[in-house]
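Novice: Got a structure for you, input-v2.cif, holding mmCIF, C-alpha atoms.
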```
data_coords
#
loop_
_atom_site.label_atom_id
_atom_site.label_comp_id
_atom_site.auth_asym_id
_atom_site.auth_seq_id
_atom_site.Cartn_x
_atom_site.Cartn_y
_atom_site.Cartn_z
CA SER K 1032 0.00 0.00 0.00
CA PHE K 1033 1.08 3.57 -0.63
CA THR K 1034 1.74 5.91 2.22
CA ALA K 1035 0.94 9.61 2.30
CA ARG K 1036 4.64 10.29 1.72
CA ASP K 1037 4.56 8.09 -1.42
CA LEU K 1038 1.56 10.01 -2.69
CA ASP K 1039 3.35 13.30 -2.09
CA THR K 1040 6.36 12.01 -4.02
CA VAL K 1041 4.21 10.91 -6.96
CA MET K 1042 2.37 14.24 -7.01
CA SER K 1043 5.67 16.13 -6.90
CA LEU K 1044 7.06 14.09 -9.81
CA ALA K 1045 3.85 14.64 -11.76
CA ASP K 1046 4.12 18.39 -11.20
CA GLN K 1047 7.73 18.38 -12.38
CA ALA K 1048 6.79 16.35 -15.46
CA GLY K 1049 3.98 18.81 -16.23
CA VAL K 1050 6.39 21.74 -16.00
CA ALA K 1051 8.88 19.95 -18.26
CA ILE K 1052 6.18 19.26 -20.86
CA ASP K 1053 5.01 22.87 -20.72
CA ASN K 1054 8.57 24.03 -21.24
CA VAL K 1055 8.97 21.79 -24.30
CA VAL K 1056 5.72 23.10 -25.77
CA LEU K 1057 6.74 26.70 -25.12
CA HIS K 1058 10.17 26.08 -26.64
CA GLU K 1059 8.67 24.56 -29.78
CA GLU K 1060 6.21 27.45 -30.06
CA ALA K 1061 9.03 29.97 -29.66
CA GLN K 1062 10.99 28.22 -32.39
CA ARG K 1063 7.95 28.24 -34.67
CA LEU K 1064 7.33 31.93 -34.07
CA ALA K 1065 10.98 32.71 -34.78
CA ILE K 1066 10.71 31.41 -38.35
CA THR K 1067 7.14 32.31 -39.30
CA ASP K 1068 5.55 35.63 -40.15
CA GLY K 1069 3.19 36.63 -37.35
CA MET K 1070 0.58 38.13 -39.67
CA THR K 1071 0.33 35.73 -42.60
CA GLY K 1072 1.53 32.52 -40.97
CA ILE K 1073 3.96 31.74 -43.80
CA TRP K 1074 7.74 31.56 -43.42
CA ASN K 1075 9.58 34.76 -42.55
CA HIS K 1076 12.74 36.29 -44.00
CA ARG K 1077 14.96 34.45 -41.53
CA TYR K 1078 13.68 31.03 -42.59
CA PHE K 1079 13.82 32.01 -46.25
CA GLN K 1080 17.50 32.84 -45.88
CA LEU K 1081 18.22 29.47 -44.28
CA ARG K 1082 16.43 27.58 -47.05
CA PHE K 1083 18.00 29.80 -49.71
CA ASP K 1084 21.44 28.82 -48.39
CA GLN K 1085 20.51 25.14 -48.46
CA GLU K 1086 18.99 25.20 -51.94
CA MET K 1087 21.92 27.13 -53.39
CA ASP K 1088 24.37 24.59 -51.96
CA ARG K 1089 22.31 21.60 -53.06
CA SER K 1090 21.70 22.87 -56.59
CA ALA K 1091 25.35 23.79 -57.05
CA ARG K 1092 26.53 20.40 -55.77
CA PHE K 1093 24.22 18.36 -57.98
CA ARG K 1094 24.09 20.86 -60.85
CA ARG K 1095 20.33 21.18 -60.70
CA PRO K 1096 18.24 24.26 -61.54
CA PHE K 1097 15.95 26.15 -59.22
CA CYS K 1098 13.99 29.39 -59.55
CA LEU K 1099 13.59 32.40 -57.30
CA LEU K 1100 10.34 34.38 -57.60
CA LEU K 1101 10.05 37.86 -56.15
CA CYS K 1102 6.41 39.01 -55.95
CA ASP K 1103 5.19 42.50 -55.12
CA ILE K 1104 1.62 43.79 -54.77
CA ASP K 1105 0.91 46.52 -57.31
CA ASP K 1106 -0.06 49.90 -55.79
CA PHE K 1107 -0.51 48.48 -52.30
CA LYS K 1108 -0.29 51.98 -50.83
CA VAL K 1109 -3.54 52.79 -52.62
CA VAL K 1110 -5.22 49.87 -50.84
CA ASN K 1111 -4.01 51.08 -47.43
CA ASP K 1112 -4.92 54.70 -48.15
CA SER K 1113 -8.37 53.82 -49.53
CA TYR K 1114 -9.49 51.09 -47.14
CA GLY K 1115 -7.24 51.42 -44.09
CA HIS K 1116 -4.38 49.35 -42.74
CA LEU K 1117 -6.59 46.68 -41.16
CA VAL K 1118 -8.06 45.89 -44.56
CA GLY K 1119 -4.56 46.09 -46.03
CA ASP K 1120 -3.44 43.46 -43.51
CA SER K 1121 -6.36 41.22 -44.47
CA VAL K 1122 -5.30 41.53 -48.12
CA LEU K 1123 -1.79 40.37 -47.23
CA ILE K 1124 -3.20 37.39 -45.32
CA GLU K 1125 -5.51 36.40 -48.17
CA LEU K 1126 -2.79 36.88 -50.76
CA ALA K 1127 -0.44 34.57 -48.85
CA ARG K 1128 -3.21 31.96 -48.66
CA ARG K 1129 -3.86 32.17 -52.41
CA ILE K 1130 -0.19 31.85 -53.31
CA ARG K 1131 0.25 28.92 -50.94
CA SER K 1132 -2.67 27.13 -52.63
CA GLU K 1133 -0.82 27.29 -55.98
CA VAL K 1134 2.60 25.96 -54.97
CA ARG K 1135 4.02 22.50 -54.27
CA ASP K 1136 4.91 21.11 -50.87
CA ILE K 1137 8.61 21.33 -51.72
CA ASP K 1138 8.40 25.02 -52.62
CA VAL K 1139 9.26 27.67 -50.04
CA LEU K 1140 6.96 30.68 -49.69
CA ALA K 1141 8.07 33.48 -47.38
CA ARG K 1142 7.22 37.07 -46.63
CA TYR K 1143 10.20 39.03 -47.83
CA GLY K 1144 9.14 42.32 -46.29
CA GLY K 1145 6.17 44.70 -46.45
CA GLU K 1146 4.07 43.71 -49.45
CA GLU K 1147 6.81 41.59 -51.03
CA PHE K 1148 6.78 37.80 -51.05
CA VAL K 1149 9.48 35.41 -52.22
CA LEU K 1150 9.37 31.83 -53.43
CA ILE K 1151 12.05 29.19 -53.91
CA LEU K 1152 11.07 26.58 -56.51
CA PRO K 1153 13.50 23.61 -56.34
CA GLU K 1154 14.10 21.46 -59.42
CA THR K 1155 12.52 24.11 -61.65
CA ASP K 1156 13.95 25.53 -64.87
CA ALA K 1157 13.20 28.92 -66.45
CA ASP K 1158 10.12 27.73 -68.34
CA GLY K 1159 8.72 26.07 -65.25
CA GLY K 1160 9.43 29.18 -63.18
CA GLN K 1161 7.58 31.40 -65.64
CA ARG K 1162 4.58 29.07 -65.75
CA ALA K 1163 4.41 28.88 -61.95
CA ALA K 1164 4.70 32.66 -61.62
CA ASP K 1165 1.97 33.30 -64.17
CA LYS K 1166 -0.31 30.79 -62.47
CA ILE K 1167 0.15 32.65 -59.20
CA ARG K 1168 -0.37 36.03 -60.88
CA LYS K 1169 -3.67 34.88 -62.38
CA ARG K 1170 -4.81 33.38 -59.06
CA ILE K 1171 -4.33 36.77 -57.43
CA GLY K 1172 -5.85 38.92 -60.15
CA ASP K 1173 -8.83 36.77 -61.14
CA SER K 1174 -10.90 37.49 -58.04
CA PRO K 1175 -11.08 40.74 -55.99
CA PHE K 1176 -10.15 40.80 -52.31
CA GLY K 1177 -11.94 42.01 -49.20
CA ARG K 1178 -15.00 40.89 -47.27
CA ASP K 1179 -17.29 42.09 -50.06
CA ARG K 1180 -14.82 41.19 -52.82
CA GLN K 1181 -14.58 44.83 -53.88
CA ILE K 1182 -10.79 45.35 -53.81
CA PRO K 1183 -8.96 44.59 -57.07
CA VAL K 1184 -5.42 43.34 -56.39
CA THR K 1185 -2.67 42.43 -58.83
CA ILE K 1186 0.95 41.44 -58.42
CA SER K 1187 4.11 41.77 -60.46
CA VAL K 1188 6.64 38.94 -60.40
CA GLY K 1189 10.35 38.84 -61.18
CA VAL K 1190 11.78 35.40 -61.97
CA ALA K 1191 15.46 34.50 -61.74
CA CYS K 1192 16.79 30.99 -62.27
CA PHE K 1193 19.98 29.31 -61.07
CA PRO K 1194 22.50 29.09 -62.67
CA ARG K 1195 21.51 31.15 -65.73
CA ALA K 1196 20.69 34.34 -63.81
CA GLY K 1197 23.41 33.98 -61.18
CA THR K 1198 25.53 31.45 -59.33
CA ASP K 1199 25.47 33.07 -55.89
CA GLN K 1200 22.75 34.43 -53.64
CA THR K 1201 23.53 38.10 -54.18
CA ALA K 1202 23.50 37.80 -57.96
CA LEU K 1203 20.29 35.75 -58.01
CA LEU K 1204 18.43 38.13 -55.70
CA ARG K 1205 19.62 41.10 -57.72
CA ALA K 1206 18.45 39.44 -60.94
CA ALA K 1207 15.00 38.74 -59.48
CA ASP K 1208 14.78 42.33 -58.27
CA VAL K 1209 15.77 43.70 -61.70
CA ALA K 1210 13.12 41.51 -63.33
CA LEU K 1211 10.51 42.69 -60.83
CA TYR K 1212 11.41 46.32 -61.49
CA ASP K 1213 11.06 45.67 -65.21
CA ALA K 1214 7.62 44.11 -64.66
CA LYS K 1215 6.53 47.26 -62.86
CA ALA K 1216 7.97 49.47 -65.60
CA GLN K 1217 6.13 47.49 -68.29
CA GLY K 1218 2.77 48.21 -66.72
CA LYS K 1219 2.48 45.89 -63.68
CA ASP K 1220 0.35 42.75 -63.34
CA ARG K 1221 2.87 40.71 -65.28
CA VAL K 1222 5.71 38.21 -65.00
CA VAL K 1223 9.23 38.99 -66.22
CA LEU K 1224 12.03 36.45 -66.52
CA TYR K 1225 15.57 37.68 -66.08
CA GLN K 1226 17.94 36.50 -68.78
CA ALA K 1227 21.52 37.39 -69.61
CA THR K 1228 23.03 37.62 -73.09
CA GLU K 1229 26.13 35.67 -74.02
CA GLU K 1230 28.12 38.87 -73.56
CA GLY K 1231 26.86 39.07 -69.99
CA ARG K 1232 24.65 42.11 -70.45
CA PRO K 1233 21.27 41.64 -68.74
CA THR K 1234 18.07 41.61 -70.75
CA HIS K 1235 14.59 41.23 -69.36
CA VAL K 1236 11.85 39.49 -71.26
CA GLY K 1237 8.23 39.10 -70.26
#
```
Could you spell out this file's structure in structure tokens?
Specialist:
Amino acid sequence: SFTARDLDTVMSLADQAGVAIDNVVLHEEAQRLAITDGMTGIWNHRYFQLRFDQEMDRSARFRRPFCLLLCDIDDFKVVNDSYGHLVGDSVLIELARRIRSEVRDIDVLARYGGEEFVLILPETDADGGQRAADKIRKRIGDSPFGRDRQIPVTISVGVACFPRAGTDQTALLRAADVALYDAKAQGKDRVVLYQATEEGRPTHVG
């Protein structure tokens, strides 16, 4: 039979086990929050950088292509100014959900900053990157946003593919940014693929 002292010991051990479990849960939650965007729930810039490092190393080692997509909401300031920042936040959340519904499990979608989103598409060449980007662009633009579906939203996308557009992170990010800028300059709501000529001079084709 158990004595009162035995019962106290068991209760004390149970309390300690409960605290340990709570600590594990809190630690896992803290880790999750450290690599996800608090608003949209997708990966944040920190996690993107980690995966970007990994994919660059893997693709270089096995000589495999991958694409980087840089997406930016067109005229997002107009949305915030016209409907308020709370509605603007809801647009960001819905946009992240729509993009996520169009990508594969192996793809990495992250919030790059503000109204910019970035995707890593492993094992994807330039043609595949363009098709994926245009699919996402159409998913965003085909249906208005907002509770009453009254807010038209479009995105521009710059596509840069390893190794054609760059063989290091800085070069690839710069190429995607140049392509995105070109998409904006061409009228927005479009996809532009960054390409380089044989002489090394950059050209941008939609």
Novice: I would like the residues chosen by the PyMOL selection byres ((chain K and resi 1194-1200) around 7) on the shown file; could you give them as a list in words?
Specialist: Pro1096, Ala1191, Cys1192, Phe1193, Thr1201, Ala1202, Leu1203, Leu1204, Ala1206, Tyr1225, Gln1226 and Ala1227 of chain K
Novice: Please expand the PyMOL selection byres ((chain K and resi 1176) around 10) into the concrete residues it hits in this file, giving the result as an MDAnalysis selection string.
Specialist: chainID K and resid 1118:1119 1121:1123 1125:1126 1171:1175 1177:1184
Novice: Separation of CA of Asp1165 in chain K and CA of Leu1101 in chain K, in Å?
Specialist: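 Answer for the CA of Asp1165 in chain K to CA of Leu1101 in chain K separation: 12.3 Å.
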Novice: Would you compute the distance between CA of Gly1189 in chain K and CA of Ala1091 in chain K? Give it in Å to one decimal.
Specialist: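 Atom-to-atom, CA of Gly1189 in chain K and CA of Ala1091 in chain K are spaced 21.6 Å apart.
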Novice: Just want the 12 Å neighbourhood of Phe1148 in chain K, counted on all atoms listed in the file, with same-chain residues fewer than 5 positions away dropped. Output as a PyMOL selection string.
Specialist: chain K and resi 1068+1071+1073-1076+1079+1099-1104+1123-1124+1126-1128+1130-1131+1139-1143+1164+1167+1186-1189+1207-1208+1211
Novice: Check the smallest atom-to-atom distance from each of K:Arg1135, K:Ala1048, K:Gly1145, K:Tyr1078 to Lys1108 in chain K using only C-alpha atoms, then report the winner.
Specialist: K:Gly1145
Novice: Which residue is closest to Ile1137 in chain K? Choose from K:Arg1082, K:Val1223, K:Arg1036, K:Asn1111 and count all atoms listed in the file.
Specialist: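 Under the stated criterion, the closest residue is K:Arg1082.
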Novice: To one decimal in Å, tell me the separation between CA of Arg1129 in chain K and CA of Gln1217 in chain K.
Specialist: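 It comes out at 24.2 Å.
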Novice: Looking at all atoms listed in the file, which of K:Arg1094, K:Phe1083, K:Val1190, K:Asp1120 is the one that sits closest to Asp1138 in chain K?
Specialist: K:Phe1083
